[in-house]
Amino acid sequence: MTAIVWVNLVRLVRDRTNIFSVVVFPIVLILVFGLSFGGTGRPRLGVAAGDGPLAAELVAALARSGELELVRVGGEAEARDGVERGTLTAALIIPGGYDRALAAFTPVELPYVARNEPSALQLGATVRSVVSQATVAPRAAAYVREGSFPDLVARIGRISAPGVTVESVTTGPVRPVQVSGFDVAATSQLLLFVFLTSLTGASALIETRRLGVSRRMYAAPVGSRAILLGEAAGRVGVALAQGLVIMLGSGLLFGVRWGDPVGAVALLLAFSLVGGGAAMLLGAVARTSQQAVSVGVLAGMGLAAIGGAMVPLDQFTGPMRQIAHLTPHAWALDGFAELLRRDGTVADVLPQLGVLALFAAALLALGSWRLRAALTR
Amino acid sequence: MRTILLIAGKDLRQRLRDRSLLLLAFVVPFGLAAVFSVVFRDVDAQQPVTFAVADLDRGPIATTFTGRVLRPLEQAGVVRLRGADDETMARAIVDGGQAQAAYVIPTGFSQAVQTRHKATIRVIGDVDDRIGAFVARSIADSFASDVRYVQVALAAKGGGTPEQAAAVPPPVTVTDLTADRRQLTLAEGFQAGIAVFFLFFAVQFGFSSILDERRDGTLARLLAAPVPRLTIALAKLLTGVVVGVVSMTVLLAASSLLLGADWGSPVGLGLLIVAGVLAANGVMALVVTVARTAEQAGNAETVAAMLLGVLGGVLVPIQQTGGALATLSLVTPHRWFMRGLADLHGVNAPVVPLVPVLALLGFAVVTLGLALSRTERMFRL
């Protein structure tokens, strides 16, 4: 039986493209995903800043205001391009003569380039707020209108007023651990690729049948149960090996954290069993290896998309969130999230492990049954 | 020319009989596009934020905030408002996820402001929606700074009424300039991405089949015929172009008719497809000329198609993130194709996305030129 497992692994390693798609490709994807989602998710405000201390002060106030990311842009054309293409949520243009106009009590208009979409409108409300906070002194100076502008602003700056205090509190359960883009990318890529490679690897089972390896195995003094177990273990072993390589590789290269190691490996093992079971079933049902690869790519990527391994589950709305939990991916993702976000241990992910075990048991049983029929045909 | 058509025709007939082209160029990409369009529909749709308001004061200053600050924002579609009887209820609304934040204006607020005492607006934000809470706080801050302005202005002048001070227009106003949307939705982006990703696999049935013919021994027979080698190479390329154009046209048309994608001007789309298919054929042909055997070629093509695809942002919307990666992705034809599609969006969209089409044609010219100059080694028997 170990020989059968070994043959499966050796066949995987011998083909050099496999090394690429099993090891290198997921790591590259983690890098790309990590960098893309490594962003804060905060709205990005482009700022074309005029010159002068007051303009600089306004930009500094925007930078201080909190949940937005400032991006310097050259001018209105660049700002508009960024906004239209979606690299910026919106952009604020501070014209060249900003300081002079304020000092001369001339009204200044700041163009705010935005699409007519909720997130840009909300950012607009916050930008207006920062502008009105930053221009209290110039406006008060315009009301007083006695003496020079700099003197007035300096004098007004020393006046204290009780004003209105805005006290902000938050409610709801607090997330204790911040999760980086790389962590999210790594878990989802791990699941996507372990499952995808398992499924496309089902073509190996078909090759086994086509090349007559299985017939020769039958001729050897090996029971059909041992052959099935060996094939199953081979499929699971391939999935597990790939998973471990991705886990270790992403940990070493990008410092990805996987939480409690026992819990993480348990989840990976359970998910590999699911992948192996699915591969057995596909390998038994498909007739040609082209069929197996096509169905494998479709199901591997399709289920990953549905299960939240391509776009995070948090972003799903309505019934798609429930539908996602028909896939093993969503359960495994929940498990990894539990380990990472709530510092869970293996005991905390028992429900997820249980569901994955059920998936695995069903697929392995179905797969062995069909494969036995296919092998003895 | 007749010979080119003859060879290409033979190849196409051969491919149609073999199921793998059908699966790779049509069935699998369309299946995935369909799944993506269902899963990712509205994932990127934006909703106005909802704020709960518990006005326990109901005095003139509180009413100014709710009526002159919050209501206009609601009318402009920036926020949605809902009432709350007290702080407990406001908190429950936020906790229950029906609002992203809540304002609580305590009793005695207006009087405190008017008598220059400490007055407080309380903003309760959802801990999981930091942006919503931030927007709520900013709006309150904006009102607070208006109040502070009046108090400071009166103190600075040493006279006047709050009404006189409030009558001075703000020195700086922010005016809206509406921008177009030249961007694919997430679902469209994934559909187009998958189509162009599989295009690079589908065109493998073209140029690289020279190596298949060599493996199967039919290349020797082709070469024995009075046909120049360039003709054979061009015929093989033509097969790839036909396969690519048909596959892309069918996929994008199906996305638009069945999956609700909007691709803009058909003329622009057509040019983009042709330019993209030429570029894909060129890049893959160049990759093939590096390989010695059909198997090596297949492997190199897979690696190239996958790497270029990922870098080009077919699986991740790289272009929206900016930074070095977005710049790097411009070395892939995938990215230019997607950019062309994005350019076709919006009210002022051009009929032809000129820069992306030219960029793709540039890829095609360079790679096809290099590949054709290296074809000689493909014909070594």
# chains A, B, ... in the order shown; residues from 1 in each chain; ligands from 1
>>> residues_around(residues="Leu219 in chain B", least_positions_apart="6", cutoff="12 Å", atoms="only C-alpha atoms", output="MDAnalysis selection string")
chainID B and resid 7 209:213 225 227 229 232:233 378:381
>>> interface_residues(of="chain A", to="chain B", cutoff="6 Å", atoms="only C-alpha atoms", output="number ranges by chain")
A: 17, 36, 84-87, 107-115, 118, 121-122, 126, 129, 133, 136, 139-140, 144, 162-172, 298, 302, 306, 315-316
>>> select_by_dssp(residues="range 137-338 of chain B", states="strand (DSSP E or B)", output="PyMOL selection string")
chain B and resi 172-178
>>> residues_around(residues="Met280 in chain A", least_positions_apart="3", cutoff="8 Å", atoms="only C-alpha atoms", output="count of residues only")
14
